[in-house]
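Working notes, structure below.
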Amino acid sequence: MFKKCGCSNKGRCDHKWTVRYREPGGRTAKQRERSFRLKSEAEAFQAKVENEKNQGTYSDPSRGRVTFKTYADGWMADMPHRPSTADTYTRHLRNHIYPTFGNKPLNTIRTSTVQGWVKSLTEKGLAPSTIETVYNIFASIIRGAMKDDRLGKSPCVDIRLPDVHPTKVSLLSAEQVKALADAVPSRYRALILVAFAAGLRQGEALGLCQSRVLFLERKLKVDQQVTLTGEKEDGSKGTRPTLSAPKTKASVREVPLPSFALDALSAHIKDFPPEGDLLFGTVRGNPMRRDYFNAKVLKPALKKAGLPEETTFHDLRHSFASTALAGGVPISDVSKWLGHASITETVDTYGHLLPEADSRVRSALDGAFNRSSESEGADLVLTLAR
């Protein structure tokens, strides 16, 4: 640390204090300088640099001066996202992230700013789950910047997100599922029954192809779904439905099909022969939009079947899980057939549907305790007999 001036008394001159330091990498590393008005400021900076070098958190300050948007655009271009995922990221970046951070240099983003931004999203009325998704996108880009040595410290530390309420599970009885299947147009009857029988997500059900129905094995192969890609002129989510791979590896699975679902699929193929491979597309054989199906097919059928209007297609999936669990199917198998990434997700969503677990644990503990008591009594009798 020194002063760059010709003053004879450098301790009392008005020139700035300069810190000269070398980046990590030994003698061949780049040498840098930074000046401060006060000696205390220069000393603090020098100590900070040495600490970061020792801890391995040092980053080139010039690399952190790039704006968040500039770095994020490059990061997005390099990521192998599925089209639907890329659309989601792009939409959230444009609508919720760039307005706050787009023009900020990466190294000027502070934890307090991130926390204030999360609060502003809540005040705008975004759902907690949406805020969590948006924040995770932002945090992923920040992690990328750190891996690229553009940041030495992440601003995403101890950020409090709004609580995400557990999924509300609405269940349909077998009779209600039958009523709904009878209420939809006949070309969609098998769709309702198979969605219930295999616990399919709506995109998976609409993306079901004849080649994925394994009649001889009495199974259904799930390895694709209908998603929306592209964008409208106003920047909102795209309108073009297309077949794409499931979101996670766990979503690719084979699910056993009961006889009523196989019979329904066989009748559907006979009555409505698909022009291509897709079973439940439009009249032209193209993938169908979920919102179109819900508005034009599902909602009128709910009214006709006398079911609550808030019933969703996803409730068929919930009903599959609840029916299987009530029948004594192990939750590990149900989790696999649902395509959950871990059994924890299944337990968190459907664990309350297993009330018999309470009685099982009581019986197990009572049995162990009683056997122990009987053993102690036998030992006492043997001792007295001696």
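Each chain of the structure tokens is named A, B, ... in the order shown, its residues numbered from 1; ligands are numbered from 1 in display order.
The shell of residues at most 6 Å from range 318-333 of chain A, with only C-alpha atoms counted and near chain neighbours (fewer than 5 positions) removed, consists of Leu171, Leu172, Phe196 and Gly199 of chain A.
For range 168-331 of chain A, backbone-based DSSP labels the following residues as strand (DSSP E or B): Cys209, Val213, Leu214, Lys219, Leu220, Lys221, Val222, Gln225, Val226, Thr227, Leu228, Thr229, Gly230, Glu231, Lys237, Gly238, Thr239, Arg240, Pro241, Thr242, Leu243, Ser244, Arg253, Glu254, Val255, Pro256 and Leu278 of chain A.
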Write the residues of the preceding selection, restricted to N, CA, C and O atoms, as a compact mmCIF listing (two decimals), in the first residue's frame.
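Here's the written file selection-v9.txt:
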```
# COMPACT_ATOMS: atom_id res chain seq x y z
N CYS A 209 -49.79 -42.04 -27.18
CA CYS A 209 -49.80 -42.57 -28.55
C CYS A 209 -50.09 -44.07 -28.54
O CYS A 209 -49.84 -44.76 -27.54
N VAL A 213 -49.08 -47.99 -25.91
CA VAL A 213 -49.99 -48.90 -25.22
C VAL A 213 -49.52 -50.32 -25.46
O VAL A 213 -49.59 -50.83 -26.59
N LEU A 214 -48.99 -50.96 -24.43
CA LEU A 214 -48.45 -52.31 -24.55
C LEU A 214 -49.53 -53.31 -24.14
O LEU A 214 -49.59 -53.77 -23.00
N LYS A 219 -49.52 -52.89 -20.02
CA LYS A 219 -48.84 -51.74 -19.46
C LYS A 219 -48.94 -50.53 -20.39
O LYS A 219 -49.28 -50.65 -21.56
N LEU A 220 -48.63 -49.38 -19.80
CA LEU A 220 -48.62 -48.13 -20.54
C LEU A 220 -47.24 -47.51 -20.40
O LEU A 220 -46.74 -47.35 -19.28
N LYS A 221 -46.61 -47.19 -21.51
CA LYS A 221 -45.31 -46.54 -21.47
C LYS A 221 -45.50 -45.02 -21.53
O LYS A 221 -46.11 -44.50 -22.47
N VAL A 222 -44.97 -44.33 -20.53
CA VAL A 222 -45.09 -42.87 -20.47
C VAL A 222 -43.72 -42.27 -20.72
O VAL A 222 -42.81 -42.40 -19.89
N GLN A 225 -45.06 -35.90 -23.49
CA GLN A 225 -46.19 -35.09 -23.03
C GLN A 225 -46.43 -33.96 -24.02
O GLN A 225 -45.56 -33.66 -24.85
N VAL A 226 -47.59 -33.34 -23.91
CA VAL A 226 -47.90 -32.17 -24.73
C VAL A 226 -47.51 -30.93 -23.96
O VAL A 226 -47.90 -30.73 -22.81
N THR A 227 -46.69 -30.08 -24.58
CA THR A 227 -46.30 -28.80 -23.98
C THR A 227 -46.52 -27.70 -25.00
O THR A 227 -46.72 -27.96 -26.19
N LEU A 228 -46.47 -26.46 -24.51
CA LEU A 228 -46.63 -25.31 -25.38
C LEU A 228 -45.28 -24.67 -25.64
O LEU A 228 -44.48 -24.50 -24.72
N THR A 229 -45.01 -24.34 -26.88
CA THR A 229 -43.76 -23.69 -27.24
C THR A 229 -44.04 -22.44 -28.03
O THR A 229 -45.15 -22.21 -28.52
N GLY A 230 -42.99 -21.61 -28.18
CA GLY A 230 -43.15 -20.36 -28.92
C GLY A 230 -43.75 -19.26 -28.07
O GLY A 230 -44.08 -19.45 -26.91
N GLU A 231 -43.88 -18.08 -28.63
CA GLU A 231 -44.43 -16.94 -27.92
C GLU A 231 -45.38 -16.16 -28.81
O GLU A 231 -45.26 -16.15 -30.03
N LYS A 237 -46.98 -16.57 -23.08
CA LYS A 237 -46.61 -17.94 -23.38
C LYS A 237 -47.15 -18.39 -24.73
O LYS A 237 -48.22 -17.98 -25.16
N GLY A 238 -46.39 -19.27 -25.36
CA GLY A 238 -46.73 -19.71 -26.70
C GLY A 238 -48.04 -20.46 -26.78
O GLY A 238 -48.63 -20.86 -25.78
N THR A 239 -48.50 -20.65 -27.99
CA THR A 239 -49.80 -21.29 -28.21
C THR A 239 -49.70 -22.56 -29.03
O THR A 239 -50.71 -23.16 -29.35
N ARG A 240 -48.51 -22.96 -29.40
CA ARG A 240 -48.35 -24.12 -30.28
C ARG A 240 -48.10 -25.37 -29.45
O ARG A 240 -47.03 -25.56 -28.88
N PRO A 241 -49.09 -26.28 -29.36
CA PRO A 241 -48.87 -27.53 -28.61
C PRO A 241 -47.98 -28.48 -29.40
O PRO A 241 -48.12 -28.60 -30.62
N THR A 242 -47.08 -29.14 -28.71
CA THR A 242 -46.18 -30.06 -29.38
C THR A 242 -45.83 -31.19 -28.42
O THR A 242 -45.94 -31.05 -27.20
N LEU A 243 -45.40 -32.32 -28.96
CA LEU A 243 -44.97 -33.44 -28.13
C LEU A 243 -43.51 -33.25 -27.74
O LEU A 243 -42.67 -32.92 -28.58
N SER A 244 -43.21 -33.45 -26.48
CA SER A 244 -41.84 -33.31 -26.00
C SER A 244 -41.59 -34.32 -24.89
O SER A 244 -42.51 -34.96 -24.39
N ARG A 253 -41.61 -43.80 -17.47
CA ARG A 253 -41.97 -44.96 -16.66
C ARG A 253 -42.93 -45.87 -17.41
O ARG A 253 -43.47 -45.48 -18.46
N GLU A 254 -43.17 -47.05 -16.86
CA GLU A 254 -44.21 -47.95 -17.35
C GLU A 254 -45.19 -48.20 -16.21
O GLU A 254 -44.78 -48.48 -15.08
N VAL A 255 -46.47 -48.08 -16.52
CA VAL A 255 -47.51 -48.19 -15.50
C VAL A 255 -48.42 -49.37 -15.87
O VAL A 255 -48.87 -49.47 -17.02
N PRO A 256 -48.72 -50.27 -14.94
CA PRO A 256 -49.64 -51.38 -15.23
C PRO A 256 -51.05 -50.85 -15.46
O PRO A 256 -51.51 -49.94 -14.76
N LEU A 278 -50.90 -40.48 -32.51
CA LEU A 278 -51.51 -39.79 -31.37
C LEU A 278 -52.96 -40.22 -31.20
O LEU A 278 -53.75 -40.19 -32.14
```
>> Give me, as a VMD selection string, all polymer residues having an atom no more than 10 Å from range 138-153 of chain A, counting only C-alpha atoms and skipping those fewer than 5 positions away in the same chain.
In response: chain A and resid 52 to 53 56 to 66 68 71 to 73 75 to 76 89 92 to 93 96 to 98 101 106 to 110 114 132 to 133
Just N, CA and C atoms for this one: save the residues we selected as a compact mmCIF listing (two decimals), in the first residue's frame.
```txt
# COMPACT_ATOMS: atom_id res chain seq x y z
N GLU A 52 -10.04 -13.14 0.62
CA GLU A 52 -10.71 -13.84 -0.48
C GLU A 52 -9.74 -14.77 -1.21
N LYS A 53 -8.51 -14.34 -1.38
CA LYS A 53 -7.51 -15.19 -2.03
C LYS A 53 -7.24 -16.44 -1.19
N GLY A 56 -10.28 -18.75 -1.42
CA GLY A 56 -10.63 -19.21 -2.76
C GLY A 56 -11.90 -18.59 -3.30
N THR A 57 -12.31 -17.43 -2.76
CA THR A 57 -13.54 -16.77 -3.21
C THR A 57 -13.26 -15.52 -4.03
N TYR A 58 -12.01 -15.29 -4.36
CA TYR A 58 -11.66 -14.08 -5.12
C TYR A 58 -12.17 -14.17 -6.55
N SER A 59 -12.64 -13.05 -7.08
CA SER A 59 -13.04 -12.99 -8.48
C SER A 59 -12.56 -11.67 -9.07
N ASP A 60 -12.24 -11.72 -10.34
CA ASP A 60 -11.77 -10.52 -11.04
C ASP A 60 -12.87 -9.47 -11.04
N PRO A 61 -12.65 -8.30 -10.43
CA PRO A 61 -13.70 -7.28 -10.37
C PRO A 61 -14.23 -6.87 -11.74
N SER A 62 -13.35 -6.85 -12.73
CA SER A 62 -13.80 -6.42 -14.06
C SER A 62 -14.79 -7.41 -14.67
N ARG A 63 -14.67 -8.71 -14.29
CA ARG A 63 -15.58 -9.72 -14.84
C ARG A 63 -16.97 -9.61 -14.22
N GLY A 64 -17.05 -9.00 -13.05
CA GLY A 64 -18.34 -8.84 -12.41
C GLY A 64 -19.06 -7.57 -12.81
N ARG A 65 -18.45 -6.77 -13.68
CA ARG A 65 -19.08 -5.51 -14.09
C ARG A 65 -20.07 -5.70 -15.23
N VAL A 66 -20.12 -6.90 -15.81
CA VAL A 66 -21.09 -7.17 -16.86
C VAL A 66 -22.49 -7.13 -16.26
N PHE A 68 -26.41 -8.01 -15.44
CA PHE A 68 -27.08 -9.29 -15.22
C PHE A 68 -27.71 -9.80 -16.51
N TYR A 71 -25.14 -11.24 -19.01
CA TYR A 71 -24.66 -12.57 -18.61
C TYR A 71 -25.78 -13.60 -18.73
N ALA A 72 -27.00 -13.25 -18.29
CA ALA A 72 -28.12 -14.20 -18.31
C ALA A 72 -28.46 -14.62 -19.73
N ASP A 73 -28.41 -13.70 -20.68
CA ASP A 73 -28.70 -14.05 -22.07
C ASP A 73 -27.71 -15.08 -22.59
N TRP A 75 -25.95 -17.13 -20.67
CA TRP A 75 -26.18 -18.34 -19.88
C TRP A 75 -27.34 -19.14 -20.45
N MET A 76 -28.41 -18.46 -20.82
CA MET A 76 -29.58 -19.14 -21.41
C MET A 76 -29.21 -19.80 -22.73
N TYR A 89 -38.41 -20.01 -18.63
CA TYR A 89 -37.31 -19.17 -18.15
C TYR A 89 -37.34 -17.80 -18.82
N HIS A 92 -40.25 -15.61 -17.46
CA HIS A 92 -40.03 -15.11 -16.10
C HIS A 92 -38.88 -14.09 -16.06
N LEU A 93 -37.86 -14.30 -16.86
CA LEU A 93 -36.78 -13.32 -16.92
C LEU A 93 -37.30 -11.98 -17.40
N HIS A 96 -40.31 -10.70 -14.71
CA HIS A 96 -40.10 -10.54 -13.27
C HIS A 96 -38.66 -10.30 -12.82
N ILE A 97 -37.69 -10.65 -13.64
CA ILE A 97 -36.29 -10.55 -13.21
C ILE A 97 -35.56 -9.37 -13.85
N TYR A 98 -35.64 -9.25 -15.17
CA TYR A 98 -34.93 -8.16 -15.85
C TYR A 98 -35.37 -6.76 -15.42
N PHE A 101 -33.20 -6.43 -12.16
CA PHE A 101 -31.76 -6.71 -12.18
C PHE A 101 -31.11 -6.59 -13.55
N LEU A 106 -23.32 -7.39 -12.23
CA LEU A 106 -23.43 -8.54 -11.34
C LEU A 106 -22.87 -8.26 -9.95
N ASN A 107 -21.72 -7.57 -9.90
CA ASN A 107 -21.07 -7.37 -8.61
C ASN A 107 -21.68 -6.25 -7.77
N THR A 108 -22.79 -5.66 -8.25
CA THR A 108 -23.47 -4.65 -7.45
C THR A 108 -24.76 -5.17 -6.83
N ILE A 109 -25.13 -6.43 -7.12
CA ILE A 109 -26.36 -7.00 -6.60
C ILE A 109 -26.11 -7.47 -5.16
N ARG A 110 -26.90 -6.95 -4.24
CA ARG A 110 -26.71 -7.26 -2.83
C ARG A 110 -27.86 -8.13 -2.31
N VAL A 114 -32.03 -8.42 -3.23
CA VAL A 114 -32.73 -9.65 -3.63
C VAL A 114 -33.93 -9.88 -2.72
N GLU A 132 -41.34 -18.86 -5.97
CA GLU A 132 -40.27 -19.83 -5.76
C GLU A 132 -39.62 -20.21 -7.09
N THR A 133 -40.43 -20.39 -8.13
CA THR A 133 -39.90 -20.72 -9.45
C THR A 133 -39.05 -19.58 -9.99
```
>> Using only C-alpha atoms, can you tell me which of A:His165, A:Arg187, A:Lys39, A:Lys336 comes closest to Thr18 in chain A?
In response: A:Lys39
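Closest approach to Ala198 in chain A among A:Leu316, A:Val252, A:Ala295, A:Val169: A:Leu316, based on only C-alpha atoms.
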> Which residues, written as a PyMOL selection string, have at least one atom at most 12 Å from Thr130 in chain A, with only C-alpha atoms counted and residues fewer than 3 positions away on the same chain left out?
Replying inline: chain A and resi 88-89+92+96+118+121-122+124-127+133-137+161-165
